[in-house]
$ cat input_12.cif   # mmCIF, C-alpha atoms
data_entry
#
loop_
_atom_site.label_atom_id
_atom_site.label_comp_id
_atom_site.auth_asym_id
_atom_site.auth_seq_id
_atom_site.Cartn_x
_atom_site.Cartn_y
_atom_site.Cartn_z
CA MET A 234 -59.68 32.96 48.03
CA SER A 235 -59.94 36.38 46.39
CA ASN A 236 -62.91 38.08 44.77
CA LEU A 237 -61.09 38.34 41.45
CA ASN A 238 -63.93 37.39 39.15
CA ARG A 239 -66.35 38.63 36.53
CA GLU A 240 -68.91 39.98 39.02
CA THR A 241 -66.36 42.05 40.93
CA LEU A 242 -64.92 43.37 37.68
CA ALA A 243 -68.37 44.41 36.42
CA GLU A 244 -69.17 46.24 39.63
CA VAL A 245 -65.80 47.98 39.89
CA ALA A 246 -65.64 48.97 36.20
CA SER A 247 -69.10 50.49 36.22
CA GLY A 248 -68.42 52.43 39.44
CA THR A 249 -65.05 53.73 38.27
CA LEU A 250 -66.38 54.92 34.89
CA GLU A 251 -69.12 56.78 36.68
CA GLU A 252 -66.83 58.32 39.30
CA ALA A 253 -64.00 59.26 36.94
CA ALA A 254 -65.88 60.47 33.88
CA PHE A 255 -69.63 60.49 34.63
CA ILE A 256 -70.10 57.61 32.21
CA PHE A 257 -73.11 55.54 33.15
CA THR A 258 -73.29 51.95 31.95
CA GLU A 259 -75.66 49.02 31.78
CA PRO A 260 -74.37 45.45 31.69
CA GLY A 261 -74.43 43.59 28.39
CA GLU A 262 -73.20 40.22 27.15
CA PRO A 263 -69.73 40.10 25.61
CA THR A 264 -70.15 38.73 22.11
CA PRO A 265 -67.36 38.20 19.61
CA ASP A 266 -68.78 40.52 16.98
CA TRP A 267 -66.69 43.69 16.94
CA ASP A 268 -66.86 45.14 13.45
CA THR A 269 -65.75 48.73 13.98
CA GLU A 270 -62.36 50.36 14.52
CA THR A 271 -61.33 49.61 18.12
CA ALA A 272 -59.00 50.99 20.75
CA ILE A 273 -57.53 48.29 22.99
CA VAL A 274 -55.35 48.68 26.08
CA LYS A 275 -54.10 46.18 28.64
CA ILE A 276 -52.40 46.30 32.03
CA SER A 277 -50.69 43.59 34.04
CA PHE A 278 -51.25 43.18 37.76
CA GLU A 279 -49.91 41.11 40.62
CA GLY A 280 -51.46 40.66 44.05
CA THR A 281 -52.21 37.32 45.62
CA GLU A 282 -53.00 36.34 42.03
CA ARG A 283 -51.57 37.79 38.86
CA GLY A 284 -52.96 38.45 35.45
CA THR A 285 -53.79 40.95 32.75
CA LEU A 286 -56.81 43.21 32.40
CA TRP A 287 -57.96 44.42 28.98
CA LEU A 288 -60.28 47.26 28.00
CA VAL A 289 -61.79 47.44 24.53
CA SER A 290 -63.84 50.27 23.08
CA SER A 291 -64.54 51.80 19.74
CA ALA A 292 -61.89 54.26 18.61
CA ARG A 293 -64.63 56.89 18.69
CA PHE A 294 -65.39 56.25 22.38
CA ALA A 295 -61.69 56.60 23.27
CA VAL A 296 -61.59 60.03 21.64
CA GLU A 297 -64.80 61.09 23.40
CA LEU A 298 -63.32 59.90 26.70
CA ALA A 299 -60.20 62.00 26.14
CA ALA A 300 -62.38 65.00 25.27
CA ASN A 301 -64.48 64.41 28.38
CA LEU A 302 -61.43 64.21 30.68
CA LEU A 303 -59.68 67.18 29.10
CA GLY A 304 -62.74 69.41 28.70
CA LEU A 305 -62.39 69.54 24.91
CA GLU A 306 -64.75 69.05 21.99
CA PRO A 307 -64.60 65.52 20.54
CA ASP A 308 -63.35 66.86 17.20
CA ASP A 309 -60.44 68.67 18.86
CA PRO A 310 -57.15 67.32 17.42
CA ASP A 311 -55.75 67.05 20.95
CA ALA A 312 -58.60 64.72 21.97
CA ILE A 313 -58.24 62.68 18.78
CA GLU A 314 -54.52 62.22 19.43
CA ARG A 315 -54.94 61.23 23.08
CA GLY A 316 -57.84 58.77 22.87
CA THR A 317 -55.83 55.63 23.56
CA GLY A 318 -53.98 57.37 26.40
CA ALA A 319 -57.28 58.26 28.03
CA LEU A 320 -58.50 54.69 27.67
CA GLY A 321 -55.24 53.47 29.24
CA GLU A 322 -55.64 55.78 32.20
CA MET A 323 -59.24 54.64 32.68
CA LEU A 324 -58.02 51.03 32.67
CA ASN A 325 -55.36 51.93 35.23
CA MET A 326 -58.02 53.37 37.55
CA ILE A 327 -60.31 50.36 37.08
CA CYS A 328 -57.43 47.98 37.76
CA GLY A 329 -56.46 49.82 40.96
CA ALA A 330 -60.04 49.64 42.22
CA LEU A 331 -60.28 45.98 41.17
CA MET A 332 -57.18 45.12 43.21
CA GLU A 333 -58.74 46.67 46.31
CA ALA A 334 -62.08 44.93 45.72
CA ALA A 335 -60.45 41.57 45.00
CA PHE A 336 -57.59 41.45 47.49
CA GLY A 337 -58.40 44.15 50.06
CA THR A 338 -55.96 46.85 51.18
CA GLY A 339 -53.75 44.47 53.17
CA VAL A 340 -52.03 43.06 50.09
CA ILE A 341 -49.36 44.99 48.19
CA CYS A 342 -50.33 44.89 44.52
CA ASN A 343 -48.09 45.80 41.64
CA LEU A 344 -49.65 47.24 38.51
CA GLY A 345 -47.91 47.47 35.16
CA ILE A 346 -48.10 50.40 32.78
CA PRO A 347 -51.23 50.58 30.59
CA THR A 348 -50.19 49.58 27.10
CA PRO A 349 -51.98 50.07 23.78
CA THR A 350 -52.38 46.62 22.24
CA PRO A 351 -53.92 46.74 18.77
CA LEU A 352 -55.56 43.51 17.65
CA SER A 353 -57.25 42.71 14.37
CA GLN A 354 -61.02 42.20 14.54
CA GLU A 355 -60.45 38.46 14.09
CA GLU A 356 -57.91 38.34 16.92
CA LEU A 357 -60.13 40.39 19.22
CA ASN A 358 -63.22 38.33 18.53
CA ALA A 359 -61.25 35.10 19.06
CA LYS A 360 -59.94 36.45 22.36
CA LEU A 361 -63.45 37.36 23.52
CA GLU A 362 -64.77 33.98 22.50
CA SER A 363 -62.14 32.13 24.51
CA ALA A 364 -62.04 34.47 27.53
CA GLU A 365 -62.96 32.91 30.85
CA HIS A 366 -63.79 36.24 32.51
CA ALA A 367 -65.18 38.86 30.14
CA ILE A 368 -67.78 41.56 30.61
CA SER A 369 -69.53 43.97 28.31
CA MET A 370 -71.11 47.32 29.13
CA MET A 371 -73.21 49.75 27.16
CA THR A 372 -72.86 53.42 28.02
CA ASP A 373 -75.82 55.76 28.17
CA GLU A 374 -74.64 57.09 24.80
CA ASP A 375 -74.69 53.61 23.26
CA HIS A 376 -70.97 52.94 23.23
CA ARG A 377 -69.94 49.39 23.87
CA LEU A 378 -67.08 48.66 26.26
CA ASP A 379 -65.68 45.18 26.80
CA MET A 380 -63.25 44.02 29.47
CA ILE A 381 -61.33 40.78 29.64
CA LEU A 382 -59.71 39.48 32.81
CA ASP A 383 -56.94 36.95 32.19
CA ILE A 384 -55.81 35.24 35.40
CA HIS A 385 -52.42 33.58 34.91
CA MET B 531 -48.18 84.83 46.95
CA SER B 532 -48.44 82.21 44.24
CA TYR B 533 -47.11 78.67 44.46
CA ASN B 534 -45.07 76.68 41.98
CA ILE B 535 -46.29 73.13 41.49
CA LEU B 536 -44.65 70.08 39.96
CA ILE B 537 -46.94 67.36 38.54
CA VAL B 538 -45.31 63.95 38.12
CA ASP B 539 -47.28 61.33 36.19
CA ASP B 540 -46.48 59.20 33.16
CA SER B 541 -49.96 59.87 31.75
CA ASP B 542 -50.08 63.19 29.91
CA ILE B 543 -53.88 63.01 30.21
CA ILE B 544 -53.67 62.92 34.01
CA ARG B 545 -51.07 65.70 34.06
CA SER B 546 -53.45 67.83 32.00
CA VAL B 547 -56.42 67.01 34.25
CA ILE B 548 -54.45 67.86 37.41
CA LYS B 549 -53.18 71.08 35.84
CA LYS B 550 -56.66 72.12 34.77
CA SER B 551 -58.08 71.28 38.21
CA LEU B 552 -55.42 73.39 39.93
CA LEU B 553 -55.89 76.35 37.60
CA MET B 554 -59.66 76.27 38.21
CA SER B 555 -59.35 75.73 41.97
CA GLY B 556 -59.11 79.35 42.99
CA LEU B 557 -55.65 78.74 44.42
CA GLU B 558 -52.90 81.19 43.59
CA VAL B 559 -50.91 79.02 41.24
CA GLY B 560 -47.63 80.25 39.82
CA ASN B 561 -45.66 78.02 37.47
CA ILE B 562 -46.84 74.48 36.87
CA PHE B 563 -44.04 72.14 35.86
CA GLU B 564 -44.53 68.61 34.53
CA ALA B 565 -42.47 65.42 34.63
CA ALA B 566 -43.29 61.97 33.26
CA ASN B 567 -41.35 59.99 35.89
CA GLY B 568 -39.24 60.35 39.03
CA LYS B 569 -36.03 60.91 37.13
CA GLU B 570 -37.47 63.85 35.20
CA ALA B 571 -38.97 65.16 38.44
CA LEU B 572 -35.60 65.22 40.21
CA GLN B 573 -34.17 67.17 37.29
CA LYS B 574 -37.02 69.71 37.50
CA LEU B 575 -36.53 69.98 41.26
CA ALA B 576 -32.84 70.70 40.67
CA ASP B 577 -33.61 73.40 38.10
CA GLU B 578 -36.71 75.13 39.50
CA TRP B 579 -38.16 76.30 42.79
CA VAL B 580 -41.14 74.06 43.58
CA ASP B 581 -43.53 74.56 46.52
CA ILE B 582 -45.59 71.37 46.19
CA VAL B 583 -45.15 68.11 44.28
CA PHE B 584 -48.09 66.02 43.10
CA SER B 585 -46.79 62.57 42.19
CA ASP B 586 -48.11 59.29 40.87
CA ILE B 587 -46.52 56.05 42.13
CA ASN B 588 -46.64 53.64 39.22
CA MET B 589 -44.33 55.12 36.55
CA PRO B 590 -41.60 53.77 34.29
CA GLU B 591 -37.86 54.54 34.71
CA MET B 592 -38.16 55.86 38.28
CA ASN B 593 -41.41 55.32 40.16
CA GLY B 594 -42.97 57.62 42.72
CA LEU B 595 -41.76 55.66 45.74
CA GLU B 596 -38.14 55.94 44.57
CA LEU B 597 -38.64 59.65 43.89
CA ILE B 598 -40.00 60.24 47.40
CA GLU B 599 -37.18 58.17 48.97
CA LYS B 600 -34.62 60.26 47.12
CA MET B 601 -36.34 63.50 48.10
CA SER B 602 -36.53 62.49 51.77
CA ALA B 603 -32.79 61.70 51.74
CA ASP B 604 -31.89 65.07 50.22
CA GLN B 605 -31.39 68.00 52.61
CA LEU B 606 -32.64 70.50 50.04
CA LEU B 607 -35.75 68.54 49.09
CA GLU B 608 -36.80 66.73 52.24
CA LYS B 609 -39.14 69.53 53.32
CA THR B 610 -40.83 69.98 49.93
CA PRO B 611 -44.41 68.76 50.47
CA VAL B 612 -45.43 65.77 48.35
CA VAL B 613 -49.01 64.77 47.63
CA VAL B 614 -49.37 61.30 46.12
CA ILE B 615 -52.15 60.77 43.56
CA SER B 616 -52.35 57.10 42.65
CA THR B 617 -54.47 54.08 41.90
CA GLU B 618 -52.40 52.28 44.56
CA ARG B 619 -54.66 51.16 47.42
CA SER B 620 -52.53 48.90 49.61
CA GLN B 621 -52.34 50.14 53.18
CA ALA B 622 -48.80 48.82 53.65
CA ARG B 623 -47.56 50.94 50.76
CA ILE B 624 -49.50 54.00 51.92
CA ASP B 625 -47.98 53.51 55.40
CA ARG B 626 -44.50 53.41 53.85
CA LEU B 627 -45.20 56.64 51.97
CA THR B 628 -46.46 58.24 55.16
CA GLU B 629 -43.26 57.19 56.96
CA LEU B 630 -41.32 58.92 54.20
CA GLY B 631 -43.20 62.11 54.94
CA ILE B 632 -45.82 62.51 52.23
CA ARG B 633 -48.35 65.15 53.22
CA SER B 634 -51.44 63.72 51.63
CA TYR B 635 -52.64 60.72 49.65
CA ILE B 636 -55.34 61.04 46.99
CA LYS B 637 -56.83 58.01 45.24
CA LYS B 638 -57.55 58.04 41.51
CA PRO B 639 -60.15 58.81 40.35
CA PHE B 640 -60.08 62.08 42.23
CA ARG B 641 -62.29 65.16 42.37
CA PRO B 642 -60.82 68.62 41.66
CA GLU B 643 -61.69 69.70 45.19
CA ASP B 644 -59.50 66.89 46.58
CA LEU B 645 -56.46 68.67 45.09
CA ARG B 646 -57.56 72.08 46.31
CA ASP B 647 -58.18 70.76 49.83
CA ALA B 648 -54.78 69.06 49.93
CA VAL B 649 -52.99 72.24 48.87
CA LYS B 650 -54.92 74.38 51.35
CA THR B 651 -54.14 71.98 54.20
CA ILE B 652 -50.45 71.99 53.37
CA LEU B 653 -50.15 75.74 52.89
CA ASN B 654 -52.10 76.56 56.02
#

$ encode --input "input_12.cif" --output "structure tokens"
Amino acid sequence: MSNLNRETLAEVASGTLEEAAFIFTEPGEPTPDWDTETAIVKISFEGTERGTLWLVSSARFAVELAANLLGLEPDDPDAIERGTGALGEMLNMICGALMEAAFGTGVICNLGIPTPTPLSQEELNAKLESAEHAISMMTDEDHRLDMILDIH
Amino acid sequence: MSYNILIVDDSDIIRSVIKKSLLMSGLEVGNIFEAANGKEALQKLADEWVDIVFSDINMPEMNGLELIEKMSADQLLEKTPVVVISTERSQARIDRLTELGIRSYIKKPFRPEDLRDAVKTILN
């Protein structure tokens, strides 16, 4: 029995955001009410269980994350262009840490490549509503981040 | 003496972060080359003199493990130090990389000083 669940995801996501980008978060409740432009990325994984991990943020947060990682101003064109890439890399790091927390280091896990996956607001909200394992976080700058863990 | 470094990662964000960390590390860095996968890295290694390779594992086309296997089987490249920077945490895979001769393993997310310390250890 692995620890691949909502609680582990919440703990790992919060710790990785803090360690990688000094982003501090508080837990929230995932509600299907996104009404702003979003950036969405997903990554597949396979350990003793397999599935897909999703990360959802506002498009604005993704740009600020890229600026943060690259040491740029948030209005820098380079940061604007690389927002989704930064979000994908953050998801990759969270997924790697999740695999260790869920399966330990004795299991060889295979991660996919983080992939931008645009969804309409209706599709995203429907996915959140039906998700078995979803978490929401609020950053200290009031950005909302949602994660969905699909176990296949 | 300055050192030429090759950064291999499919994420251009991570390549930029590694590059920035190295340039700010106080190390004497010469040319920094970039490749988005193992295949591109082998081409760079054929074209340029490289003192240290920083490589991710999980990449499309040719992953880091394949790159390191090919380097360790090549007489000209087998002694080029490789530092792996990856989200990969499984001990069995890290053991395999160590068998292939990698000089250091750094987990993402990393701190800039992790890169500096790895380079210093290798060069000393």

$ residues_around --input "input_12.cif" --residues "Ile384 in chain A" --least-positions-apart "5" --cutoff "12 Å" --atoms "all atoms listed in the file" --output "MDAnalysis selection string"
chainID A and resid 235 237:239 277:287 364:367

$ write_last_selection --input "input_12.cif" --atoms "C-alpha atoms" --output "CSV table (one decimal), in the frame of the given file"
chain,number,residue,atom,x,y,z
A,235,SER,CA,-59.9,36.4,46.4
A,237,LEU,CA,-61.1,38.3,41.4
A,238,ASN,CA,-63.9,37.4,39.2
A,239,ARG,CA,-66.4,38.6,36.5
A,277,SER,CA,-50.7,43.6,34.0
A,278,PHE,CA,-51.2,43.2,37.8
A,279,GLU,CA,-49.9,41.1,40.6
A,280,GLY,CA,-51.5,40.7,44.0
A,281,THR,CA,-52.2,37.3,45.6
A,282,GLU,CA,-53.0,36.3,42.0
A,283,ARG,CA,-51.6,37.8,38.9
A,284,GLY,CA,-53.0,38.4,35.4
A,285,THR,CA,-53.8,41.0,32.8
A,286,LEU,CA,-56.8,43.2,32.4
A,287,TRP,CA,-58.0,44.4,29.0
A,364,ALA,CA,-62.0,34.5,27.5
A,365,GLU,CA,-63.0,32.9,30.8
A,366,HIS,CA,-63.8,36.2,32.5
A,367,ALA,CA,-65.2,38.9,30.1

$ resolve_selection --input "input_12.cif" --expression "the PyMOL selection byres ((chain B) within 6 of (chain A))" --output "list in words"
Thr617, Glu618, Arg619, Ser620, Gln621 and Pro639 of chain B

$ atom_distance --input "input_12.cif" --atom1 "CA of Ile273 in chain A" --atom2 "CA of Val289 in chain A"
4.6 Å

$ resolve_selection --input "input_12.cif" --expression "the PyMOL selection byres ((chain B and resi 551) around 9)" --output "ChimeraX atom specification"
/B:546-550,552-555,641-643,645-646

$ atom_distance --input "input_12.cif" --atom1 "CA of Ser532 in chain B" --atom2 "CA of Ala571 in chain B"
20.3 Å

$ residues_around --input "input_12.cif" --residues "Ile562 in chain B" --least-positions-apart "6" --cutoff "10 Å" --atoms "all atoms listed in the file" --output "MDAnalysis selection string"
chainID B and resid 533:537 549 552:553 580 582:583

$ resolve_selection --input "input_12.cif" --expression "the PyMOL selection byres ((chain B and resi 600-612) around 9)" --output "ChimeraX atom specification"
/B:572,575,580-585,595-599,613-614,630-635,652

$ atom_distance --input "input_12.cif" --atom1 "CA of Ala295 in chain A" --atom2 "CA of Ala272 in chain A"
6.7 Å

$ residues_around --input "input_12.cif" --residues "Pro307 in chain A" --least-positions-apart "5" --cutoff "7 Å" --atoms "all atoms listed in the file" --output "list in words"
Val296, Glu297, Ala300 and Ala312 of chain A

$ closest_residue --input "input_12.cif" --among "A:Ser290, A:Glu240, A:Pro260, A:Thr271" --to "Leu378 in chain A" --atoms "all atoms listed in the file"
A:Ser290

$ closest_residue --input "input_12.cif" --among "B:Ala565, B:Ala622, B:Ala576, B:Ala648" --to "Asp540 in chain B" --atoms "all atoms listed in the file"
B:Ala565

$ closest_residue --input "input_12.cif" --among "A:Glu314, A:Trp267, A:Met371, A:Leu324" --to "Asp542 in chain B" --atoms "only C-alpha atoms"
A:Glu314

$ closest_residue --input "input_12.cif" --among "B:Val538, B:Lys574, B:Met592, B:Met531" --to "Glu558 in chain B" --atoms "all atoms listed in the file"
B:Met531

$ closest_residue --input "input_12.cif" --among "A:Asp383, A:Glu270, A:Asp309, A:Glu355" --to "Phe294 in chain A" --atoms "only C-alpha atoms"
A:Glu270

$ closest_residue --input "input_12.cif" --among "A:Leu382, A:Leu357, A:Leu305, A:Ile368" --to "Glu259 in chain A" --atoms "only C-alpha atoms"
A:Ile368

$ residues_near_point --input "input_12.cif" --point "(-72.1, 41.1, 22.2)" --cutoff "12 Å" --atoms "all atoms listed in the file" --output "CSV table (one decimal) with C-alpha atoms, keeping the file's coordinate frame"
chain,number,residue,atom,x,y,z
A,260,PRO,CA,-74.4,45.4,31.7
A,261,GLY,CA,-74.4,43.6,28.4
A,262,GLU,CA,-73.2,40.2,27.2
A,263,PRO,CA,-69.7,40.1,25.6
A,264,THR,CA,-70.2,38.7,22.1
A,265,PRO,CA,-67.4,38.2,19.6
A,266,ASP,CA,-68.8,40.5,17.0
A,267,TRP,CA,-66.7,43.7,16.9
A,268,ASP,CA,-66.9,45.1,13.4
A,358,ASN,CA,-63.2,38.3,18.5
A,361,LEU,CA,-63.4,37.4,23.5
A,362,GLU,CA,-64.8,34.0,22.5
A,367,ALA,CA,-65.2,38.9,30.1
A,368,ILE,CA,-67.8,41.6,30.6
A,369,SER,CA,-69.5,44.0,28.3
A,370,MET,CA,-71.1,47.3,29.1
A,371,MET,CA,-73.2,49.8,27.2
A,376,HIS,CA,-71.0,52.9,23.2
A,377,ARG,CA,-69.9,49.4,23.9
A,378,LEU,CA,-67.1,48.7,26.3
A,379,ASP,CA,-65.7,45.2,26.8
A,380,MET,CA,-63.2,44.0,29.5

$ build_atoms --input "input_12.cif" --residues "range 331-366 of chain A" --atoms "N, CA and C atoms" --output "compact mmCIF listing (two decimals), in the frame of the given file"
# COMPACT_ATOMS: atom_id res chain seq x y z
N LEU A 331 -60.05 47.44 41.19
CA LEU A 331 -60.28 45.98 41.17
C LEU A 331 -59.37 45.28 42.18
N MET A 332 -58.12 45.74 42.26
CA MET A 332 -57.18 45.12 43.21
C MET A 332 -57.70 45.27 44.64
N GLU A 333 -58.21 46.44 44.94
CA GLU A 333 -58.74 46.67 46.31
C GLU A 333 -59.97 45.78 46.55
N ALA A 334 -60.85 45.73 45.55
CA ALA A 334 -62.08 44.93 45.72
C ALA A 334 -61.77 43.44 45.80
N ALA A 335 -60.76 43.00 45.06
CA ALA A 335 -60.45 41.57 45.00
C ALA A 335 -59.59 41.11 46.16
N PHE A 336 -58.58 41.91 46.52
CA PHE A 336 -57.59 41.45 47.49
C PHE A 336 -57.64 42.21 48.82
N GLY A 337 -58.39 43.32 48.87
CA GLY A 337 -58.40 44.15 50.06
C GLY A 337 -57.20 45.09 50.07
N THR A 338 -57.07 45.88 51.13
CA THR A 338 -55.96 46.85 51.18
C THR A 338 -54.75 46.28 51.93
N GLY A 339 -54.86 45.05 52.42
CA GLY A 339 -53.75 44.47 53.17
C GLY A 339 -52.68 43.84 52.29
N VAL A 340 -52.97 43.72 51.01
CA VAL A 340 -52.03 43.06 50.09
C VAL A 340 -51.38 44.13 49.22
N ILE A 341 -50.04 44.06 49.10
CA ILE A 341 -49.36 44.99 48.19
C ILE A 341 -49.52 44.47 46.77
N CYS A 342 -50.12 45.29 45.92
CA CYS A 342 -50.33 44.89 44.52
C CYS A 342 -49.42 45.72 43.63
N ASN A 343 -48.91 45.09 42.61
CA ASN A 343 -48.09 45.80 41.64
C ASN A 343 -48.84 45.86 40.32
N LEU A 344 -49.00 47.06 39.80
CA LEU A 344 -49.65 47.24 38.51
C LEU A 344 -48.58 47.57 37.47
N GLY A 345 -48.81 47.09 36.26
CA GLY A 345 -47.91 47.47 35.16
C GLY A 345 -48.31 48.83 34.62
N ILE A 346 -47.78 49.15 33.46
CA ILE A 346 -48.10 50.40 32.78
C ILE A 346 -49.15 50.08 31.72
N PRO A 347 -50.23 50.86 31.64
CA PRO A 347 -51.23 50.58 30.59
C PRO A 347 -50.60 50.67 29.20
N THR A 348 -50.87 49.67 28.39
CA THR A 348 -50.19 49.58 27.10
C THR A 348 -51.20 49.42 25.97
N PRO A 349 -51.13 50.28 24.94
CA PRO A 349 -51.98 50.07 23.78
C PRO A 349 -51.63 48.75 23.11
N THR A 350 -52.64 47.95 22.81
CA THR A 350 -52.38 46.62 22.24
C THR A 350 -53.34 46.37 21.08
N PRO A 351 -53.01 46.91 19.91
CA PRO A 351 -53.92 46.74 18.77
C PRO A 351 -54.07 45.27 18.38
N LEU A 352 -55.29 44.86 18.16
CA LEU A 352 -55.56 43.51 17.65
C LEU A 352 -56.45 43.65 16.42
N SER A 353 -56.33 42.71 15.51
CA SER A 353 -57.25 42.71 14.37
C SER A 353 -58.64 42.31 14.89
N GLN A 354 -59.66 42.58 14.10
CA GLN A 354 -61.02 42.20 14.54
C GLN A 354 -61.10 40.69 14.78
N GLU A 355 -60.42 39.92 13.94
CA GLU A 355 -60.45 38.46 14.09
C GLU A 355 -59.78 38.05 15.41
N GLU A 356 -58.63 38.67 15.68
CA GLU A 356 -57.91 38.34 16.92
C GLU A 356 -58.73 38.73 18.15
N LEU A 357 -59.33 39.92 18.09
CA LEU A 357 -60.13 40.39 19.22
C LEU A 357 -61.34 39.48 19.44
N ASN A 358 -62.04 39.18 18.39
CA ASN A 358 -63.22 38.33 18.53
C ASN A 358 -62.85 36.93 19.04
N ALA A 359 -61.71 36.42 18.58
CA ALA A 359 -61.25 35.10 19.06
C ALA A 359 -60.92 35.18 20.55
N LYS A 360 -60.31 36.30 20.95
CA LYS A 360 -59.94 36.45 22.36
C LYS A 360 -61.20 36.52 23.24
N LEU A 361 -62.19 37.27 22.77
CA LEU A 361 -63.45 37.36 23.52
C LEU A 361 -64.14 36.01 23.62
N GLU A 362 -64.09 35.27 22.53
CA GLU A 362 -64.77 33.98 22.50
C GLU A 362 -64.15 33.00 23.49
N SER A 363 -62.82 33.10 23.65
CA SER A 363 -62.14 32.13 24.51
C SER A 363 -61.95 32.63 25.94
N ALA A 364 -62.32 33.89 26.20
CA ALA A 364 -62.04 34.47 27.53
C ALA A 364 -62.89 33.81 28.61
N GLU A 365 -62.24 33.53 29.73
CA GLU A 365 -62.96 32.91 30.85
C GLU A 365 -63.75 33.97 31.63
N HIS A 366 -63.13 35.16 31.77
CA HIS A 366 -63.79 36.24 32.51
C HIS A 366 -63.86 37.46 31.59
